[in-house]
Amino acid sequence: MKTGLYIHIPFCQQKCLYCDFPSYDNLTHLYQPYVAALCQEISGWGGVLSGTLIDTIYIGGGTPTLLPADALKTILTKVHESFSIDEAAEISVEANPGTTNQEKLLALTSGGVNRISFGVQTFSDALLKSIGRIHSAEQAVRSVKEAQDAGFSNINLDLMYGLPGQSCKDLKVSIQEAIKLDITHISAYGLKVEEGTPFAAMDQLGTLILPEEDDDEEMYIFTTEYLPQHGFKRYEISNFSKVGYECRHNLKYWKYHPYVGVGAAAHSFFQKERFSNITNVSQYIDCVEKGKLPIEFRENPSIAIAMAEYIFLALRTVQGLSILEFQEYFNRGFYLEYGEIVSELLQKKLIAVKENQINLTVLGMKYGNVVFRAFLPG
């Protein structure tokens, strides 16, 4: 089976108030040693995967486009030297508005990158400031147009709803602005207040004023109805695309396909084993420089956990879960394992069953976590 490659760039210009991802600001001095260590790890994996074809590559963060153009070139060159890459591979990079320029975009396209994802979140300058973003709506528009001028025809924008002070009218304007830019993909995420973030601290103090539940639901309904009406088909709980522009790398995660992660805090799922790298950037660099594997956690999931993961990852997608494929993968009878759970979820109208396929209903898409928890071992 073809394999995906994830490359983590853990640097940010400024941490957003809602973000709990492994990314860090004020680490400019580590850019060069990090890129060197990253390339060393990539080379090592090149030997392991010598007989494997890589068909998706995703460079995420953090903000990969904070790196200088020559660093981006170095990473991409090492990737092409180390792996067998499918001629039709999808190669994506995350970027923040205002962090790209002609030189960096040229470095990306010349290195084979053919998909770019901008973390816009909203086209309201007031809301951008309130969530700790450092770009403006104008910069977002300019960055997208510059990417298009550089040859990118596959462009995603991340948008958020449920932000402090946000109304459905604000969201509608942002979605309409995004569509006007002639992009191919929109990821629309509801805000979750994650532990350890500034927003979580504000929430504890009672100073984080979020939209009322009814307003939040109105934004969710608007998003899930408006985007399909305007050419963006929903193919996963939070993801919408024009036909043929689904993110193939992310589909690997949801379809339980193998992928390898390189870089600090990168996760992998390879040969049915899960493992992750050291999160601390300096420790990651030091470990790789000493010729050691930077893995700090690994596990072989129990059969019960593996089956649950397979099910709820598949159910995240509109395509849903193929019972026959599940039974072929695990050599177990699906209904012998989950018959009672399926009956309960059918009664709650959270799933639909048709022949050998199970899908989340419209209600199930909204309350997906309820469905996913039902399949976890007790």
# chains A, B, ... in the order shown; residues from 1 in each chain; ligands from 1
>>> residues_around(residues="stretch 134-138 of chain A", least_positions_apart="6", cutoff="7 Å", atoms="only C-alpha atoms", output="list in words")
Pro97, Gly98, Phe123, Ser124 and Asp125 of chain A
>>> write_last_selection(atoms="N, CA and C atoms", output="JSON list (two decimals), in the first residue's frame")
[["chain", "number", "residue", "atom", "x", "y", "z"],
["A", 97, "PRO", "N", -1.36, 33.67, 6.15],
["A", 97, "PRO", "CA", -1.31, 34.89, 5.35],
["A", 97, "PRO", "C", -0.22, 35.83, 5.86],
["A", 98, "GLY", "N", 0.49, 36.43, 4.92],
["A", 98, "GLY", "CA", 1.56, 37.35, 5.30],
["A", 98, "GLY", "C", 2.91, 36.71, 5.48],
["A", 123, "PHE", "N", -12.51, 36.54, 7.98],
["A", 123, "PHE", "CA", -12.16, 37.75, 7.21],
["A", 123, "PHE", "C", -12.57, 39.01, 7.97],
["A", 124, "SER", "N", -12.78, 38.88, 9.27],
["A", 124, "SER", "CA", -13.07, 40.04, 10.13],
["A", 124, "SER", "C", -11.81, 40.43, 10.87],
["A", 125, "ASP", "N", -11.31, 41.63, 10.64],
["A", 125, "ASP", "CA", -10.09, 42.08, 11.32],
["A", 125, "ASP", "C", -10.27, 42.11, 12.83]]
>>> closest_atom_pairs(of="stretch 162-251 of chain A", to="stretch 5-15 of chain A", cutoff="12 Å", atoms="only C-alpha atoms", output="JSON lines")
{"residue": "A:Thr197", "atom": "CA", "partner": "A:Lys15", "partner_atom": "CA", "distance": 9.5}
{"residue": "A:Pro198", "atom": "CA", "partner": "A:Lys15", "partner_atom": "CA", "distance": 9.6}
{"residue": "A:Phe199", "atom": "CA", "partner": "A:Lys15", "partner_atom": "CA", "distance": 11.6}
{"residue": "A:Arg248", "atom": "CA", "partner": "A:Leu5", "partner_atom": "CA", "distance": 11.6}
{"residue": "A:His249", "atom": "CA", "partner": "A:Leu5", "partner_atom": "CA", "distance": 8.4}
{"residue": "A:Asn250", "atom": "CA", "partner": "A:Tyr6", "partner_atom": "CA", "distance": 10.2}
>>> closest_residue(among="A:Arg274, A:Lys349, A:Leu106, A:Leu171", to="A:Ala150", atoms="only C-alpha atoms")
A:Leu106
>>> closest_atom_pairs(of="stretch 8-79 of chain A", to="stretch 293-317 of chain A", cutoff="12 Å", atoms="only C-alpha atoms", output="Markdown table")
| residue | atom | partner | partner_atom | distance |
| --- | --- | --- | --- | --- |
| A:Ala37 | CA | A:Pro294 | CA | 10.2 |
| A:Leu38 | CA | A:Pro294 | CA | 10.4 |
| A:Gln40 | CA | A:Leu293 | CA | 10.6 |
| A:Glu41 | CA | A:Leu293 | CA | 8.2 |
| A:Ile42 | CA | A:Leu293 | CA | 11.5 |
| A:Gly44 | CA | A:Leu293 | CA | 9.3 |
| A:Trp45 | CA | A:Leu293 | CA | 10.4 |
>>> write_last_selection(atoms="all heavy atoms", output="short mmCIF file (atom, residue, chain, number, x, y, z; two decimals), in the first residue's frame")
data_model
loop_
_atom_site.label_atom_id
_atom_site.label_comp_id
_atom_site.auth_asym_id
_atom_site.auth_seq_id
_atom_site.Cartn_x
_atom_site.Cartn_y
_atom_site.Cartn_z
N ALA A 37 18.51 18.75 11.34
CA ALA A 37 18.09 17.53 12.02
C ALA A 37 16.94 16.86 11.26
O ALA A 37 16.89 15.63 11.12
CB ALA A 37 17.66 17.85 13.46
N LEU A 38 16.01 17.68 10.79
CA LEU A 38 14.87 17.15 10.04
C LEU A 38 15.33 16.40 8.80
O LEU A 38 14.87 15.30 8.51
CB LEU A 38 13.94 18.31 9.65
CG LEU A 38 12.66 17.98 8.90
CD1 LEU A 38 11.74 17.14 9.77
CD2 LEU A 38 11.95 19.26 8.47
N GLN A 40 18.19 15.01 8.36
CA GLN A 40 18.86 13.79 8.80
C GLN A 40 17.84 12.70 9.09
O GLN A 40 18.03 11.53 8.71
CB GLN A 40 19.71 14.08 10.04
CG GLN A 40 20.61 12.92 10.45
CD GLN A 40 21.56 13.31 11.58
OE1 GLN A 40 21.93 14.48 11.72
NE2 GLN A 40 21.94 12.34 12.39
N GLU A 41 16.72 13.08 9.74
CA GLU A 41 15.68 12.08 10.02
C GLU A 41 15.04 11.60 8.73
O GLU A 41 14.74 10.41 8.57
CB GLU A 41 14.62 12.66 10.96
CG GLU A 41 13.65 11.58 11.43
CD GLU A 41 12.45 12.11 12.21
OE1 GLU A 41 12.29 13.34 12.33
OE2 GLU A 41 11.66 11.27 12.68
N ILE A 42 14.80 12.52 7.79
CA ILE A 42 14.22 12.15 6.50
C ILE A 42 15.11 11.13 5.79
O ILE A 42 14.63 10.13 5.24
CB ILE A 42 14.02 13.42 5.63
CG1 ILE A 42 12.86 14.26 6.18
CG2 ILE A 42 13.75 13.04 4.17
CD1 ILE A 42 12.74 15.63 5.56
N GLY A 44 17.14 8.99 7.11
CA GLY A 44 17.01 7.71 7.78
C GLY A 44 15.76 6.96 7.36
O GLY A 44 15.80 5.75 7.11
N TRP A 45 14.65 7.68 7.25
CA TRP A 45 13.41 7.04 6.83
C TRP A 45 13.47 6.63 5.36
O TRP A 45 12.79 5.69 4.94
CB TRP A 45 12.23 7.98 7.06
CG TRP A 45 11.63 7.81 8.42
CD1 TRP A 45 11.72 8.66 9.48
CD2 TRP A 45 10.84 6.70 8.86
NE1 TRP A 45 11.04 8.16 10.57
CE2 TRP A 45 10.50 6.95 10.20
CE3 TRP A 45 10.41 5.53 8.27
CZ2 TRP A 45 9.72 6.06 10.95
CZ3 TRP A 45 9.63 4.64 9.00
CH2 TRP A 45 9.30 4.91 10.33
#
>>> closest_atom_pairs(of="stretch 51-168 of chain A", to="stretch 232-246 of chain A", cutoff="12 Å", atoms="only C-alpha atoms", output="Markdown table")
| residue | atom | partner | partner_atom | distance |
| --- | --- | --- | --- | --- |
| A:Glu90 | CA | A:Tyr245 | CA | 10.2 |
| A:Ser92 | CA | A:Glu246 | CA | 12.0 |
| A:Asn114 | CA | A:Tyr245 | CA | 11.6 |
| A:Arg115 | CA | A:Tyr245 | CA | 9.7 |
| A:Ile116 | CA | A:Tyr245 | CA | 11.9 |
| A:Ser153 | CA | A:Tyr245 | CA | 10.1 |
| A:Asn154 | CA | A:Tyr245 | CA | 7.2 |
| A:Ile155 | CA | A:Tyr245 | CA | 9.0 |
| A:Asn156 | CA | A:Ser241 | CA | 8.5 |
| A:Leu157 | CA | A:Phe240 | CA | 10.3 |
| A:Asp158 | CA | A:Asn239 | CA | 9.3 |
| A:Leu159 | CA | A:Ser238 | CA | 9.9 |
| A:Met160 | CA | A:Ser238 | CA | 10.0 |
| A:Tyr161 | CA | A:Ser238 | CA | 11.1 |
>>> write_last_selection(atoms="N, CA and C atoms", output="PDB file, in the first residue's frame")
ATOM      1  N   GLU A  90       0.091  14.133  -4.225  1.00  0.00           N
ATOM      2  CA  GLU A  90      -0.405  15.399  -3.666  1.00  0.00           C
ATOM      3  C   GLU A  90       0.609  15.857  -2.623  1.00  0.00           C
ATOM      4  N   SER A  92       1.272  18.955  -0.092  1.00  0.00           N
ATOM      5  CA  SER A  92       0.623  20.116   0.513  1.00  0.00           C
ATOM      6  C   SER A  92       1.546  20.839   1.482  1.00  0.00           C
ATOM      7  N   ASN A 114       2.078  21.191  -4.704  1.00  0.00           N
ATOM      8  CA  ASN A 114       0.975  21.512  -5.614  1.00  0.00           C
ATOM      9  C   ASN A 114      -0.335  21.833  -4.895  1.00  0.00           C
ATOM     10  N   ARG A 115      -0.268  21.940  -3.567  1.00  0.00           N
ATOM     11  CA  ARG A 115      -1.465  22.293  -2.789  1.00  0.00           C
ATOM     12  C   ARG A 115      -1.022  23.155  -1.614  1.00  0.00           C
ATOM     13  N   ILE A 116      -1.737  24.253  -1.368  1.00  0.00           N
ATOM     14  CA  ILE A 116      -1.388  25.135  -0.259  1.00  0.00           C
ATOM     15  C   ILE A 116      -2.628  25.412   0.578  1.00  0.00           C
ATOM     16  N   SER A 153      -3.196  25.984  -8.061  1.00  0.00           N
ATOM     17  CA  SER A 153      -4.608  25.896  -8.444  1.00  0.00           C
ATOM     18  C   SER A 153      -5.421  25.103  -7.430  1.00  0.00           C
ATOM     19  N   ASN A 154      -4.741  24.487  -6.461  1.00  0.00           N
ATOM     20  CA  ASN A 154      -5.406  23.716  -5.411  1.00  0.00           C
ATOM     21  C   ASN A 154      -5.133  24.411  -4.079  1.00  0.00           C
ATOM     22  N   ILE A 155      -6.105  25.186  -3.619  1.00  0.00           N
ATOM     23  CA  ILE A 155      -5.908  26.043  -2.441  1.00  0.00           C
ATOM     24  C   ILE A 155      -7.023  25.811  -1.432  1.00  0.00           C
ATOM     25  N   ASN A 156      -6.642  25.558  -0.191  1.00  0.00           N
ATOM     26  CA  ASN A 156      -7.588  25.431   0.922  1.00  0.00           C
ATOM     27  C   ASN A 156      -7.516  26.665   1.811  1.00  0.00           C
ATOM     28  N   LEU A 157      -8.651  27.036   2.361  1.00  0.00           N
ATOM     29  CA  LEU A 157      -8.694  28.042   3.423  1.00  0.00           C
ATOM     30  C   LEU A 157      -9.313  27.411   4.655  1.00  0.00           C
ATOM     31  N   ASP A 158      -8.647  27.569   5.807  1.00  0.00           N
ATOM     32  CA  ASP A 158      -9.234  27.195   7.090  1.00  0.00           C
ATOM     33  C   ASP A 158     -10.084  28.352   7.593  1.00  0.00           C
ATOM     34  N   LEU A 159     -11.319  28.048   7.979  1.00  0.00           N
ATOM     35  CA  LEU A 159     -12.208  29.032   8.593  1.00  0.00           C
ATOM     36  C   LEU A 159     -12.709  28.472   9.910  1.00  0.00           C
ATOM     37  N   MET A 160     -13.090  29.359  10.823  1.00  0.00           N
ATOM     38  CA  MET A 160     -13.593  28.937  12.136  1.00  0.00           C
ATOM     39  C   MET A 160     -14.922  29.607  12.433  1.00  0.00           C
ATOM     40  N   TYR A 161     -15.742  28.901  13.218  1.00  0.00           N
ATOM     41  CA  TYR A 161     -16.986  29.497  13.716  1.00  0.00           C
ATOM     42  C   TYR A 161     -17.077  29.238  15.220  1.00  0.00           C
TER      43      TYR A 161
END
>>> closest_residue(among="A:Tyr259, A:Phe269, A:Leu251, A:Gln283", to="A:Gly320", atoms="only C-alpha atoms")
A:Leu251
>>> closest_residue(among="A:Cys168, A:Ala200, A:Leu181, A:Val144", to="A:Phe222", atoms="only C-alpha atoms")
A:Cys168
>>> residues_around(residues="A:Leu208", least_positions_apart="2", cutoff="10 Å", atoms="only C-alpha atoms", output="PDB file with N, CA and C atoms, in the first residue's frame")
ATOM      1  N   LEU A 163     -16.434  31.667  17.361  1.00  0.00           N
ATOM      2  CA  LEU A 163     -15.399  32.498  17.974  1.00  0.00           C
ATOM      3  C   LEU A 163     -16.016  33.530  18.914  1.00  0.00           C
ATOM      4  N   PRO A 164     -15.264  34.000  19.904  1.00  0.00           N
ATOM      5  CA  PRO A 164     -15.787  35.033  20.816  1.00  0.00           C
ATOM      6  C   PRO A 164     -16.240  36.258  20.034  1.00  0.00           C
ATOM      7  N   GLY A 165     -17.480  36.653  20.250  1.00  0.00           N
ATOM      8  CA  GLY A 165     -17.998  37.846  19.589  1.00  0.00           C
ATOM      9  C   GLY A 165     -18.451  37.637  18.159  1.00  0.00           C
ATOM     10  N   VAL A 193     -12.442  24.966  23.084  1.00  0.00           N
ATOM     11  CA  VAL A 193     -11.546  25.546  24.089  1.00  0.00           C
ATOM     12  C   VAL A 193     -10.706  24.413  24.667  1.00  0.00           C
ATOM     13  N   PRO A 198      -4.502  29.929  26.255  1.00  0.00           N
ATOM     14  CA  PRO A 198      -4.970  31.185  26.859  1.00  0.00           C
ATOM     15  C   PRO A 198      -6.497  31.279  26.917  1.00  0.00           C
ATOM     16  N   PHE A 199      -7.170  30.759  25.906  1.00  0.00           N
ATOM     17  CA  PHE A 199      -8.633  30.767  25.934  1.00  0.00           C
ATOM     18  C   PHE A 199      -9.174  29.956  27.107  1.00  0.00           C
ATOM     19  N   ALA A 200      -8.524  28.833  27.424  1.00  0.00           N
ATOM     20  CA  ALA A 200      -8.965  28.011  28.558  1.00  0.00           C
ATOM     21  C   ALA A 200      -8.808  28.783  29.863  1.00  0.00           C
ATOM     22  N   ALA A 201      -7.692  29.519  29.992  1.00  0.00           N
ATOM     23  CA  ALA A 201      -7.476  30.335  31.198  1.00  0.00           C
ATOM     24  C   ALA A 201      -8.517  31.436  31.293  1.00  0.00           C
ATOM     25  N   MET A 202      -8.830  32.067  30.156  1.00  0.00           N
ATOM     26  CA  MET A 202      -9.863  33.102  30.145  1.00  0.00           C
ATOM     27  C   MET A 202     -11.226  32.518  30.503  1.00  0.00           C
ATOM     28  N   ASP A 203     -11.477  31.309  30.018  1.00  0.00           N
ATOM     29  CA  ASP A 203     -12.748  30.643  30.316  1.00  0.00           C
ATOM     30  C   ASP A 203     -12.882  30.378  31.814  1.00  0.00           C
ATOM     31  N   GLN A 204     -11.780  29.980  32.437  1.00  0.00           N
ATOM     32  CA  GLN A 204     -11.785  29.734  33.882  1.00  0.00           C
ATOM     33  C   GLN A 204     -12.084  31.016  34.657  1.00  0.00           C
ATOM     34  N   LEU A 205     -11.590  32.130  34.144  1.00  0.00           N
ATOM     35  CA  LEU A 205     -11.791  33.423  34.805  1.00  0.00           C
ATOM     36  C   LEU A 205     -13.142  34.049  34.480  1.00  0.00           C
ATOM     37  N   GLY A 206     -13.831  33.446  33.504  1.00  0.00           N
ATOM     38  CA  GLY A 206     -15.125  33.983  33.110  1.00  0.00           C
ATOM     39  C   GLY A 206     -15.039  35.165  32.172  1.00  0.00           C
ATOM     40  N   LEU A 210     -18.275  33.479  24.718  1.00  0.00           N
ATOM     41  CA  LEU A 210     -18.526  32.736  23.493  1.00  0.00           C
ATOM     42  C   LEU A 210     -19.971  32.921  23.036  1.00  0.00           C
ATOM     43  N   PRO A 211     -20.262  32.644  21.762  1.00  0.00           N
ATOM     44  CA  PRO A 211     -21.644  32.729  21.291  1.00  0.00           C
ATOM     45  C   PRO A 211     -22.563  31.794  22.077  1.00  0.00           C
TER      46      PRO A 211
END
>>> closest_residue(among="A:Leu191, A:Ala266, A:Ala88, A:Leu53", to="A:Tyr18", atoms="only C-alpha atoms")
A:Leu191
>>> closest_residue(among="A:His185, A:Thr3, A:Gly151, A:Ala126", to="A:Ile85", atoms="only C-alpha atoms")
A:Thr3
>>> closest_residue(among="A:Glu337, A:Glu81, A:Glu195, A:Glu87", to="A:Pro377", atoms="only C-alpha atoms")
A:Glu337
>>> atom_distance(atom1="atom CA of A:Thr122", atom2="atom CA of A:Ser143")
14.2 Å
>>> atom_distance(atom1="atom CA of A:Tyr189", atom2="atom CA of A:Gln347")
27.8 Å
>>> residues_around(residues="A:Glu94", least_positions_apart="6", cutoff="9 Å", atoms="only C-alpha atoms", output="list in words")
Tyr58, Ile59, Gly60, Gly61, Gly62, Thr63, Pro64, Thr65, Arg115, Ile116, Ser117, Phe118 and Gly119 of chain A
>>> select_by_dssp(residues="stretch 185-322 of chain A", states="alpha helix (DSSP H)", output="MDAnalysis selection string")
chainID A and resid 198:205 213:229 248:254 281:289 303:315
